[in-house]
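Note: the block below is protein_4.txt and it holds compact mmCIF, C-alpha atoms and all ligand atoms.
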```txt
# COMPACT_ATOMS: atom_id res chain seq x y z
CA MET A 1 10.13 -5.94 4.97
CA GLN A 2 9.46 -9.55 6.12
CA THR A 3 6.13 -11.06 5.01
CA GLY A 4 4.65 -14.54 4.91
CA ASP A 5 5.95 -15.17 1.38
CA GLY A 6 9.48 -13.90 1.99
CA LEU A 7 10.93 -10.42 1.95
CA LEU A 8 9.08 -7.62 0.24
CA ALA A 9 10.61 -4.57 -1.45
CA ARG A 10 8.57 -1.40 -1.93
CA LEU A 11 9.89 0.91 -4.63
CA ALA A 12 9.89 4.64 -3.81
CA LEU A 13 9.68 6.15 -7.29
CA SER A 14 11.13 9.61 -7.90
CA ARG A 15 8.50 10.21 -10.60
CA PRO A 16 5.46 8.24 -11.67
CA ASP A 17 5.99 8.06 -15.44
CA LEU A 18 7.62 4.71 -16.21
CA THR A 19 8.28 3.70 -19.80
CA PRO A 20 6.96 0.29 -20.88
CA VAL A 21 10.58 -0.88 -21.10
CA THR A 22 11.31 0.20 -17.51
CA LEU A 23 8.14 -1.45 -16.22
CA SER A 24 9.14 -4.67 -18.02
CA GLU A 25 12.59 -4.44 -16.45
CA ILE A 26 11.03 -4.17 -12.98
CA ALA A 27 8.90 -7.23 -13.76
CA ASN A 28 11.94 -9.15 -15.03
CA ALA A 29 13.80 -8.34 -11.81
CA ALA A 30 10.77 -9.51 -9.76
CA ALA A 31 10.80 -12.83 -11.63
CA GLU A 32 14.55 -13.29 -11.28
CA TYR A 33 15.02 -12.29 -7.63
CA GLY A 34 11.56 -12.70 -6.09
CA ASN A 35 8.68 -15.14 -6.48
CA GLY A 36 7.46 -13.33 -9.62
CA LEU A 37 4.56 -11.52 -7.93
CA LEU A 38 4.22 -7.75 -7.83
CA ASP A 39 1.68 -5.53 -6.09
CA ILE A 40 0.41 -2.06 -6.85
CA THR A 41 -0.74 -0.87 -3.44
CA ALA A 42 -3.77 1.21 -2.48
CA ARG A 43 -1.39 4.22 -2.43
CA GLY A 44 -0.02 3.38 -5.88
CA ASN A 45 3.36 1.97 -4.82
CA ILE A 46 5.01 -0.96 -6.61
CA GLN A 47 6.01 -3.88 -4.38
CA ILE A 48 8.14 -6.88 -5.33
CA ARG A 49 7.36 -10.02 -3.33
CA GLY A 50 9.06 -13.24 -2.35
CA LEU A 51 12.67 -12.04 -2.05
CA THR A 52 15.25 -13.93 0.00
CA PRO A 53 18.06 -12.45 2.13
CA ALA A 54 20.46 -13.40 -0.69
CA SER A 55 18.41 -11.87 -3.50
CA VAL A 56 17.82 -8.43 -1.92
CA ALA A 57 21.21 -6.94 -2.83
CA PRO A 58 21.20 -8.01 -6.51
CA LEU A 59 17.59 -6.83 -6.86
CA ALA A 60 18.51 -3.47 -5.34
CA ALA A 61 21.45 -3.09 -7.75
CA ARG A 62 19.26 -3.97 -10.73
CA ILE A 63 16.54 -1.47 -9.75
CA GLU A 64 19.10 1.24 -8.84
CA ALA A 65 20.49 0.94 -12.38
CA LEU A 66 17.09 1.99 -13.77
CA ASP A 67 17.53 5.39 -12.08
CA ILE A 68 13.89 5.63 -11.00
CA LEU A 69 14.19 5.67 -7.20
CA ALA A 70 13.86 8.42 -4.63
CA PRO A 71 14.93 8.21 -0.97
CA ASP A 72 12.33 6.04 0.79
CA SER A 73 11.88 8.34 3.80
CA PRO A 74 9.79 10.34 4.14
CA ALA A 75 7.26 8.85 1.72
CA ILE A 76 6.25 11.59 -0.73
CA ALA A 77 3.13 10.97 -2.84
CA ILE A 78 2.53 13.07 -5.94
CA ASN A 79 -0.18 12.97 -8.60
CA PRO A 80 0.23 9.87 -10.75
CA LEU A 81 -0.14 11.92 -13.96
CA ALA A 82 2.38 14.59 -12.90
CA GLY A 83 4.59 15.40 -15.84
CA VAL A 84 1.98 14.60 -18.51
CA ASP A 85 -1.33 16.11 -17.34
CA PRO A 86 -1.70 19.68 -18.66
CA ALA A 87 -4.49 20.35 -16.14
CA VAL A 88 -2.12 20.10 -13.15
CA LEU A 89 -2.33 23.50 -11.43
CA SER A 90 1.22 23.57 -9.99
CA ASP A 91 4.02 21.10 -10.59
CA PRO A 92 4.26 18.62 -7.68
CA LEU A 93 7.45 17.03 -9.09
CA ASN A 94 9.29 20.31 -8.66
CA VAL A 95 8.14 20.75 -5.04
CA ALA A 96 9.03 17.12 -4.22
CA GLU A 97 12.51 17.58 -5.67
CA GLN A 98 13.05 20.81 -3.71
CA LEU A 99 11.85 19.17 -0.50
CA ARG A 100 14.10 16.12 -0.92
CA ALA A 101 17.05 18.47 -1.45
CA LEU A 102 16.28 20.28 1.82
CA ILE A 103 15.94 17.16 4.01
CA GLU A 104 19.17 16.60 5.87
CA PRO A 105 20.43 12.99 5.94
CA THR A 106 20.80 13.27 9.74
CA MET A 107 17.12 14.18 10.25
CA ILE A 108 15.33 11.23 11.89
CA LEU A 109 11.65 11.15 11.02
CA ALA A 110 8.88 8.80 12.15
CA PRO A 111 9.11 5.69 9.93
CA LYS A 112 5.62 6.16 8.48
CA MET A 113 5.85 9.94 7.99
CA THR A 114 3.98 10.72 4.76
CA ILE A 115 3.73 13.85 2.64
CA VAL A 116 1.17 14.39 -0.11
CA ILE A 117 1.99 16.96 -2.78
CA ASP A 118 -1.14 17.30 -4.88
CA GLY A 119 -0.79 19.61 -7.86
CA GLY A 120 -4.39 18.97 -9.01
CA GLY A 121 -5.41 17.87 -12.50
CA LEU A 122 -7.26 14.77 -13.68
CA VAL A 123 -6.20 12.48 -10.81
CA THR A 124 -5.96 14.12 -7.39
CA LEU A 125 -4.83 12.65 -4.07
CA ASP A 126 -7.70 13.93 -1.91
CA ALA A 127 -8.48 10.57 -0.36
CA GLN A 128 -4.89 9.81 0.68
CA THR A 129 -4.13 10.54 4.31
CA ALA A 130 -0.80 12.15 5.12
CA ASP A 131 1.06 13.88 7.93
CA ILE A 132 1.66 16.92 5.72
CA ARG A 133 -0.54 17.82 2.77
CA LEU A 134 0.26 20.44 0.15
CA VAL A 135 -2.60 20.93 -2.31
CA ALA A 136 -2.25 23.38 -5.22
CA VAL A 137 -4.75 26.25 -5.19
CA GLU A 138 -5.01 29.32 -7.44
CA ASN A 139 -2.50 31.44 -5.57
CA GLY A 140 -0.24 28.98 -3.78
CA TRP A 141 -0.34 25.66 -1.91
CA SER A 142 -2.88 24.88 0.77
CA LEU A 143 -1.03 23.35 3.72
CA ALA A 144 -2.85 20.96 6.05
CA LEU A 145 -1.85 18.32 8.58
CA ALA A 146 -2.85 14.82 9.65
CA GLY A 147 -5.61 13.56 7.40
CA ASP A 148 -7.09 13.49 3.93
CA THR A 149 -8.30 16.62 2.15
CA ALA A 150 -11.67 16.62 3.88
CA ASN A 151 -10.54 16.04 7.46
CA ALA A 152 -6.93 17.31 7.71
CA VAL A 153 -6.29 20.33 9.96
CA ARG A 154 -6.02 23.29 7.58
CA ILE A 155 -3.07 25.53 8.47
CA ALA A 156 -2.46 28.16 5.75
CA ILE A 157 -1.97 28.89 2.08
CA VAL A 158 1.75 29.21 1.45
CA PRO A 159 3.19 31.09 -1.55
CA LEU A 160 4.02 29.03 -4.65
CA ASP A 161 7.78 29.25 -4.11
CA GLN A 162 7.66 28.47 -0.38
CA ALA A 163 5.85 25.11 -0.39
CA ALA A 164 8.96 22.94 0.02
CA SER A 165 10.40 25.24 2.67
CA ALA A 166 7.14 25.19 4.68
CA ALA A 167 6.95 21.37 4.57
CA PHE A 168 10.61 21.09 5.54
CA ARG A 169 10.12 23.35 8.57
CA LEU A 170 7.27 21.17 9.78
CA LEU A 171 9.26 17.96 9.28
CA LYS A 172 12.03 19.52 11.33
CA LEU A 173 9.54 20.51 14.03
CA PHE A 174 8.09 16.99 14.28
CA ALA A 175 11.57 15.38 14.24
CA SER A 176 12.60 17.66 17.12
CA ARG A 177 9.95 15.95 19.31
CA GLY A 178 11.36 12.45 18.79
CA PRO A 179 11.88 9.79 16.12
CA THR A 180 8.31 8.49 16.24
CA THR A 181 6.38 11.78 16.30
CA ARG A 182 3.70 12.01 13.62
CA ALA A 183 1.66 15.12 12.81
CA ARG A 184 -1.42 13.77 14.63
CA ASP A 185 0.56 13.14 17.86
CA PHE A 186 2.03 16.62 17.62
CA LEU A 187 -1.32 18.34 17.15
CA ASP A 188 -2.93 16.33 19.96
CA THR A 189 -0.24 17.27 22.46
CA GLU A 190 0.82 20.76 21.38
CA GLY A 191 -1.87 22.14 19.06
CA VAL A 192 -1.24 24.39 16.05
CA ALA A 193 0.59 27.27 17.80
CA PRO A 194 4.15 25.82 17.33
CA VAL A 195 3.24 25.03 13.69
CA SER A 196 2.25 28.66 13.07
CA ALA A 197 5.43 29.81 14.82
CA ALA A 198 7.57 27.61 12.56
CA LEU A 199 5.99 29.30 9.52
CA ALA A 200 6.08 32.82 10.99
CA ASP A 201 8.48 34.35 8.46
CA ILE A 202 6.64 32.91 5.43
CA ALA A 203 3.99 35.26 4.03
CA CYS A 204 1.09 32.83 4.41
CA ALA A 205 -2.59 33.53 3.68
CA PRO A 206 -5.43 32.07 5.79
CA PRO A 207 -6.41 28.50 4.83
CA PRO A 208 -9.54 27.78 2.78
CA ALA A 209 -12.71 27.65 4.93
CA SER A 210 -13.36 24.05 3.93
CA SER A 211 -12.02 21.40 1.59
CA ALA A 212 -14.06 18.52 0.23
CA ASN A 213 -12.63 15.39 -1.35
CA ARG A 214 -13.02 15.65 -5.13
CA SER A 215 -14.20 12.34 -6.49
CA VAL A 216 -11.81 10.73 -8.94
CA GLU A 217 -12.86 8.06 -11.40
CA PHE A 218 -9.95 6.97 -13.52
CA ILE A 219 -10.72 3.35 -14.37
CA GLY A 220 -11.35 2.96 -18.08
CA HIS A 221 -11.04 5.50 -20.87
CA HIS A 222 -10.57 9.21 -20.05
CA ILE A 223 -9.45 12.26 -21.98
CA MET A 224 -6.96 14.82 -20.66
CA SER A 225 -7.57 18.52 -21.30
CA ASN A 226 -5.19 18.41 -24.29
CA GLY A 227 -7.34 15.72 -25.93
CA GLN A 228 -4.91 12.90 -25.16
CA PRO A 229 -6.60 9.66 -24.04
CA ILE A 230 -5.69 7.80 -20.85
CA LEU A 231 -6.57 4.18 -20.09
CA GLY A 232 -6.88 3.39 -16.39
CA ILE A 233 -6.65 -0.28 -15.44
CA VAL A 234 -6.86 -1.85 -12.00
CA LEU A 235 -5.03 -5.01 -10.92
CA SER A 236 -7.27 -7.77 -9.70
CA PHE A 237 -6.81 -7.67 -5.88
CA GLY A 238 -3.79 -5.43 -6.39
CA GLN A 239 -1.48 -8.16 -7.64
CA ILE A 240 0.00 -9.25 -10.96
CA ASN A 241 2.58 -11.80 -11.97
CA ALA A 242 5.73 -10.71 -13.77
CA ALA A 243 4.90 -12.44 -17.08
CA THR A 244 1.48 -10.74 -17.25
CA LEU A 245 2.98 -7.34 -16.43
CA ILE A 246 5.59 -7.76 -19.16
CA GLU A 247 2.91 -8.75 -21.65
CA LEU A 248 0.80 -5.75 -20.64
CA ALA A 249 3.76 -3.36 -21.02
CA GLN A 250 4.79 -4.79 -24.39
CA THR A 251 1.22 -4.72 -25.71
CA ALA A 252 0.82 -1.12 -24.53
CA ALA A 253 4.06 -0.15 -26.28
CA ARG A 254 2.87 -1.81 -29.50
CA PHE A 255 -0.33 0.27 -29.31
CA GLY A 256 1.70 3.47 -28.91
CA ALA A 257 1.91 3.90 -25.11
CA THR A 258 4.77 6.14 -24.05
CA THR A 259 4.47 5.85 -20.27
CA ILE A 260 2.63 3.74 -17.69
CA HIS A 261 1.93 5.36 -14.31
CA PRO A 262 1.32 3.42 -11.07
CA ALA A 263 -1.63 5.12 -9.35
CA PRO A 264 -3.60 4.98 -6.10
CA GLY A 265 -6.32 2.34 -6.01
CA ARG A 266 -3.98 -0.46 -7.22
CA ALA A 267 -4.05 1.00 -10.73
CA LEU A 268 -1.88 1.64 -13.75
CA LEU A 269 -2.62 4.58 -16.06
CA ILE A 270 -1.52 4.11 -19.66
CA VAL A 271 -0.55 7.30 -21.52
CA GLY A 272 0.24 7.78 -25.21
CA LEU A 273 -2.50 5.62 -26.75
CA SER A 274 -4.49 7.07 -29.64
CA PRO A 275 -8.30 7.12 -29.90
CA ASP A 276 -7.93 4.16 -32.30
CA THR A 277 -5.85 1.99 -29.97
CA ILE A 278 -7.86 2.51 -26.75
CA ALA A 279 -10.38 -0.23 -27.63
CA PRO A 280 -7.85 -2.94 -28.58
CA MET A 281 -5.71 -2.06 -25.55
CA THR A 282 -8.76 -2.33 -23.29
CA HIS A 283 -9.57 -5.70 -24.82
CA ALA A 284 -5.96 -6.89 -24.32
CA ALA A 285 -5.95 -5.76 -20.68
CA ASN A 286 -9.23 -7.60 -20.01
CA ALA A 287 -7.83 -10.74 -21.66
CA LEU A 288 -4.94 -10.56 -19.20
CA GLY A 289 -7.42 -10.54 -16.29
CA LEU A 290 -7.09 -6.81 -15.60
CA ILE A 291 -10.01 -4.54 -14.75
CA THR A 292 -11.08 -1.64 -16.98
CA ASP A 293 -14.74 -1.40 -15.97
CA PRO A 294 -15.50 0.71 -12.88
CA THR A 295 -18.49 -1.50 -12.07
CA ASP A 296 -16.39 -4.70 -11.87
CA PRO A 297 -17.15 -6.26 -8.46
CA ARG A 298 -13.46 -7.09 -7.91
CA ILE A 299 -12.78 -3.38 -7.36
CA GLY A 300 -14.70 -3.38 -4.09
CA ILE A 301 -12.92 -6.47 -2.77
CA ALA A 302 -9.57 -6.25 -0.97
CA ALA A 303 -7.86 -9.62 -0.54
CA CYS A 304 -4.41 -10.20 0.92
CA SER A 305 -1.98 -12.88 -0.31
CA GLY A 306 -3.40 -15.42 2.16
CA LYS A 307 -2.70 -19.12 1.92
CA PRO A 308 -0.45 -20.55 0.49
CA ALA A 309 1.64 -17.43 -0.31
CA CYS A 310 1.59 -16.11 3.25
CA ALA A 311 2.61 -18.38 6.13
CA SER A 312 0.14 -16.60 8.45
CA GLY A 313 -2.82 -17.21 6.13
CA HIS A 314 -5.54 -19.56 7.37
CA PHE A 315 -7.32 -19.88 4.01
CA GLU A 316 -7.02 -19.16 0.28
CA THR A 317 -8.12 -15.54 0.28
CA ARG A 318 -7.69 -14.77 -3.41
CA ALA A 319 -9.57 -17.90 -4.50
CA VAL A 320 -12.45 -16.96 -2.18
CA ALA A 321 -12.38 -13.37 -3.46
CA ARG A 322 -12.53 -14.51 -7.09
CA ILE A 323 -15.52 -16.78 -6.39
CA ILE A 324 -17.36 -14.02 -4.50
CA ALA A 325 -16.76 -11.59 -7.40
CA ALA A 326 -18.07 -14.13 -9.93
CA GLU A 327 -20.92 -15.76 -7.99
CA PHE A 328 -22.01 -13.25 -5.36
CA PRO A 329 -21.25 -9.78 -6.80
CA GLN A 330 -24.24 -8.31 -4.94
CA LEU A 331 -21.99 -8.28 -1.85
CA THR A 332 -20.22 -5.25 -3.38
CA LYS A 333 -23.39 -3.58 -4.71
CA GLY A 334 -23.83 0.11 -3.89
CA LYS A 335 -20.05 0.55 -3.48
CA LYS A 336 -20.04 -1.78 -0.46
CA THR A 337 -16.53 -2.83 0.52
CA VAL A 338 -15.45 -6.42 1.15
CA HIS A 339 -12.21 -7.50 2.80
CA ILE A 340 -10.94 -11.08 2.61
CA SER A 341 -8.07 -11.42 5.07
CA GLY A 342 -6.00 -14.55 5.70
CA CYS A 343 -5.56 -13.60 9.36
CA ALA A 344 -6.46 -10.86 11.82
CA LYS A 345 -3.55 -8.67 10.70
CA GLY A 346 -5.62 -7.29 7.82
CA CYS A 347 -2.73 -6.32 5.50
CA ALA A 348 -4.96 -5.67 2.46
CA ARG A 349 -7.13 -3.02 4.14
CA PRO A 350 -6.25 -1.55 7.54
CA SER A 351 -9.48 0.50 7.57
CA LYS A 352 -13.04 -0.78 8.05
CA SER A 353 -15.00 -2.68 5.40
CA ASP A 354 -18.71 -3.42 5.18
CA PHE A 355 -18.09 -7.17 5.12
CA VAL A 356 -14.93 -8.91 6.35
CA LEU A 357 -13.80 -12.53 6.32
CA ALA A 358 -10.79 -13.01 8.59
CA GLY A 359 -8.94 -16.30 9.02
CA ARG A 360 -8.29 -17.51 12.56
CA PRO A 361 -7.00 -20.75 14.11
CA ASP A 362 -10.54 -22.05 14.75
CA GLY A 363 -12.07 -21.13 11.39
CA ILE A 364 -13.04 -18.03 9.41
CA GLY A 365 -14.69 -15.13 11.19
CA ILE A 366 -17.32 -12.85 9.66
CA VAL A 367 -17.02 -9.22 10.77
CA LEU A 368 -19.61 -6.66 9.75
CA ASP A 369 -18.68 -2.98 9.35
CA GLY A 370 -15.25 -3.44 10.87
CA ARG A 371 -11.64 -4.46 10.52
CA ALA A 372 -10.07 -7.90 10.28
CA ASP A 373 -9.13 -7.82 13.97
CA ASP A 374 -12.61 -6.84 15.20
CA ILE A 375 -14.94 -9.28 16.97
CA ALA A 376 -16.57 -11.76 14.59
CA VAL A 377 -20.35 -12.06 14.59
CA ARG A 378 -19.98 -15.65 13.41
CA VAL A 379 -17.14 -18.14 12.87
CA LEU A 380 -17.43 -20.54 9.93
CA PRO A 381 -15.55 -23.83 9.80
CA GLN A 382 -12.59 -24.24 7.45
CA SER A 383 -13.70 -25.52 4.04
CA PRO A 384 -12.54 -25.34 0.40
CA PRO A 385 -13.11 -21.90 -1.25
CA SER A 386 -16.26 -22.77 -3.23
CA ALA A 387 -17.90 -24.51 -0.25
CA LEU A 388 -16.96 -21.59 1.98
CA VAL A 389 -18.58 -19.06 -0.38
CA ALA A 390 -21.71 -21.24 -0.62
CA THR A 391 -21.93 -21.24 3.21
CA ILE A 392 -21.47 -17.46 3.32
CA ILE A 393 -24.26 -16.93 0.77
CA LYS A 394 -26.54 -19.19 2.83
CA VAL A 395 -25.69 -17.39 6.09
CA LEU A 396 -26.30 -13.97 4.56
CA GLU A 397 -29.57 -15.02 2.92
CA THR A 398 -30.93 -16.53 6.13
CA THR A 399 -29.99 -13.47 8.23
CA LYS A 400 -31.58 -10.92 5.83
S1 LIG A 501 -3.36 -10.42 6.55
FE1 LIG A 501 -2.92 -11.83 4.91
S2 LIG A 501 -0.95 -11.21 4.05
FE2 LIG A 501 -1.17 -10.21 6.06
S3 LIG A 501 -0.15 -11.62 7.48
FE3 LIG A 501 -2.33 -12.19 7.48
S4 LIG A 501 -2.53 -13.77 5.91
FE4 LIG A 501 -0.55 -12.77 5.60
```

Could you spell out this file's structure in structure tokens?
Amino acid sequence: MQTGDGLLARLALSRPDLTPVTLSEIANAAAEYGNGLLDITARGNIQIRGLTPASVAPLAARIEALDILAPDSPAIAINPLAGVDPAVLSDPLNVAEQLRALIEPTMILAPKMTIVIDGGGLVTLDAQTADIRLVAVENGWSLALAGDTANAVRIAIVPLDQAASAAFRLLKLFASRGPTTRARDFLDTEGVAPVSAALADIACAPPPASSANRSVEFIGHHIMSNGQPILGIVLSFGQINAATLIELAQTAARFGATTIHPAPGRALLIVGLSPDTIAPMTHAANALGLITDPTDPRIGIAACSGKPACASGHFETRAVARIIAAEFPQLTKGKKTVHISGCAKGCARPSKSDFVLAGRPDGIGIVLDGRADDIAVRVLPQSPPSALVATIIKVLETTK
């Protein structure tokens, strides 16, 4: 994928449990073939930035050799603690593997087709939107389409051993309507009747009457149902440089970590620590600039690469975000969301935020309760990051 700072590679992991050595290897490859920056995205994917046309092939060979990749289409999201969390109700890894085996190489799916397979447990995927959702329930998998857990269209509960087959049938149905058809388009034009027909010979039960998003708080220290501690850390603005990631992985290994799991919310979950090593590991992560406190104002701020990393960026987004977090944290108070975008494209957060700064050729626009490409209520002149934040504080205080 082309971006302002070169080509970007997103890794489709076959399973989320990376060893510290594997994570270090990924970071080494990012330093050698890219510009040394890596992202963990809002959906928990690892991205390697700053590649060149010449460095893509050697990077791909190096990552392939780690044997951690799954086919990149369709995107299948599973619980980040799958494989280690004893509270997972049904194994999402197994269903994902079965589904990948069923998908024919000739099947052409919409490029952004997404499937969530949520087996439950400590970290669920309720807030992630997807074309097809399979969520483990007591007696099977609840199948829903086009949304997150709360707003997706609930279709049925499919038996435990039919989840992959049911998802495959629906992928086939959508693909039959054209290479760009997503679940939402399908439902809007044809409704649920063809979906029910595609599942007719599976012994489905009626869907649950309602489904609410379960809140998940995994930043900081948590305990799994088997007593094993987990340390959840979040990357500042979703990005980390290779040297810091290697240091984090090596420190975690020294403190006993067995696996490190990329997770939604730009996070990494460290597994294998003991109650005695949680505190020093937390301290080490903080010293590396990583976030372990759920009240840290940086968590509410999304900031894209911006200037100078991205050629489309009109200002230094990350510098502005850091100053806002340090000097004006009240902007994120009460879980308010802030989006600092180098241009109107809004890469860091496609959805609305309470407060948005979006770069534009004539300055920096302020958008309230909107997206980076919405109409600005005010346009501030270009100025260095600290002066810009001072102006913003003044503007907000005078318009209270
Ligand atoms: S939103 Fe940010 S990262 Fe995306 S193109 Fe604009 S400046 Fe670049």

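Distances here use all atoms listed in the file; by that measure, the residue among A:Ile78, A:Leu187, A:Thr124, A:Val379 closest to Asn213 of chain A is A:Thr124.
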
Please tell me which residues are no farther than 12 Å from (-14.4, -16.3, -10.3) in the file, counting all atoms listed in the file, and write them as a list of chain:residue names.
->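 So the residues meeting the distance criterion are A:Ser236, A:Gly289, A:Asp296, A:Pro297, A:Arg298, A:Arg318, A:Ala319, A:Val320, A:Ala321, A:Arg322, A:Ile323, A:Ile324, A:Ala325, A:Ala326, A:Glu327, A:Phe328, A:Pro329, A:Pro385, A:Ser386, A:Val389.
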
Where does chain A meet ligand LIG 501 (chain A) within 10 Å, residue by residue, with the nearest atom pair and distance in Å to one decimal for each, counting all atoms listed in the file, listed by chain and rising number, as a Markdown table?
```
| residue | atom | partner | partner_atom | distance |
| --- | --- | --- | --- | --- |
| A:Gln2 | CA | A:LIG501 | S3 | 9.9 |
| A:Thr3 | CA | A:LIG501 | S3 | 6.8 |
| A:Gly4 | CA | A:LIG501 | FE4 | 5.5 |
| A:Asp5 | CA | A:LIG501 | FE4 | 8.1 |
| A:Ala303 | CA | A:LIG501 | FE1 | 7.7 |
| A:Cys304 | CA | A:LIG501 | FE1 | 4.6 |
| A:Ser305 | CA | A:LIG501 | S2 | 4.8 |
| A:Gly306 | CA | A:LIG501 | S4 | 4.2 |
| A:Lys307 | CA | A:LIG501 | S4 | 6.7 |
| A:Pro308 | CA | A:LIG501 | S4 | 8.9 |
| A:Ala309 | CA | A:LIG501 | FE4 | 7.8 |
| A:Cys310 | CA | A:LIG501 | FE4 | 4.6 |
| A:Ala311 | CA | A:LIG501 | FE4 | 6.5 |
| A:Ser312 | CA | A:LIG501 | S4 | 4.6 |
| A:Gly313 | CA | A:LIG501 | S4 | 3.5 |
| A:His314 | CA | A:LIG501 | S4 | 6.7 |
| A:Phe315 | CA | A:LIG501 | S4 | 8.0 |
| A:Glu316 | CA | A:LIG501 | S4 | 9.0 |
| A:Thr317 | CA | A:LIG501 | FE1 | 7.9 |
| A:Ile340 | CA | A:LIG501 | FE1 | 8.4 |
| A:Ser341 | CA | A:LIG501 | S1 | 5.0 |
| A:Gly342 | CA | A:LIG501 | S4 | 3.6 |
| A:Cys343 | CA | A:LIG501 | FE3 | 4.0 |
| A:Ala344 | CA | A:LIG501 | S1 | 6.1 |
| A:Lys345 | CA | A:LIG501 | S1 | 4.5 |
| A:Gly346 | CA | A:LIG501 | S1 | 4.1 |
| A:Cys347 | CA | A:LIG501 | FE2 | 4.2 |
| A:Ala348 | CA | A:LIG501 | S1 | 6.5 |
| A:Arg349 | CA | A:LIG501 | S1 | 8.6 |
| A:Pro350 | CA | A:LIG501 | S1 | 9.4 |
| A:Ala358 | CA | A:LIG501 | S1 | 8.1 |
| A:Gly359 | CA | A:LIG501 | S4 | 7.6 |
| A:Arg360 | CA | A:LIG501 | FE3 | 9.5 |
| A:Ala372 | CA | A:LIG501 | S1 | 8.1 |
| A:Asp373 | CA | A:LIG501 | S1 | 9.8 |
```

Include C-alpha atoms and write out the residues we just selected as a compact mmCIF listing (two decimals), in the frame of the given file.
```txt
# COMPACT_ATOMS: atom_id res chain seq x y z
CA GLN A 2 9.46 -9.55 6.12
CA THR A 3 6.13 -11.06 5.01
CA GLY A 4 4.65 -14.54 4.91
CA ASP A 5 5.95 -15.17 1.38
CA ALA A 303 -7.86 -9.62 -0.54
CA CYS A 304 -4.41 -10.20 0.92
CA SER A 305 -1.98 -12.88 -0.31
CA GLY A 306 -3.40 -15.42 2.16
CA LYS A 307 -2.70 -19.12 1.92
CA PRO A 308 -0.45 -20.55 0.49
CA ALA A 309 1.64 -17.43 -0.31
CA CYS A 310 1.59 -16.11 3.25
CA ALA A 311 2.61 -18.38 6.13
CA SER A 312 0.14 -16.60 8.45
CA GLY A 313 -2.82 -17.21 6.13
CA HIS A 314 -5.54 -19.56 7.37
CA PHE A 315 -7.32 -19.88 4.01
CA GLU A 316 -7.02 -19.16 0.28
CA THR A 317 -8.12 -15.54 0.28
CA ILE A 340 -10.94 -11.08 2.61
CA SER A 341 -8.07 -11.42 5.07
CA GLY A 342 -6.00 -14.55 5.70
CA CYS A 343 -5.56 -13.60 9.36
CA ALA A 344 -6.46 -10.86 11.82
CA LYS A 345 -3.55 -8.67 10.70
CA GLY A 346 -5.62 -7.29 7.82
CA CYS A 347 -2.73 -6.32 5.50
CA ALA A 348 -4.96 -5.67 2.46
CA ARG A 349 -7.13 -3.02 4.14
CA PRO A 350 -6.25 -1.55 7.54
CA ALA A 358 -10.79 -13.01 8.59
CA GLY A 359 -8.94 -16.30 9.02
CA ARG A 360 -8.29 -17.51 12.56
CA ALA A 372 -10.07 -7.90 10.28
CA ASP A 373 -9.13 -7.82 13.97
```

From A:Thr149, A:Leu69, A:Gly36, A:Arg15, residue lying nearest Pro92 of chain A [only C-alpha atoms] = A:Arg15

Of the listed residues A:Ala156, A:Leu245, A:Leu396, A:Ala130, that which approaches Ala29 of chain A most closely, counting all atoms listed in the file =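 Among the listed residues, A:Leu245 lies closest to Ala29 of chain A.
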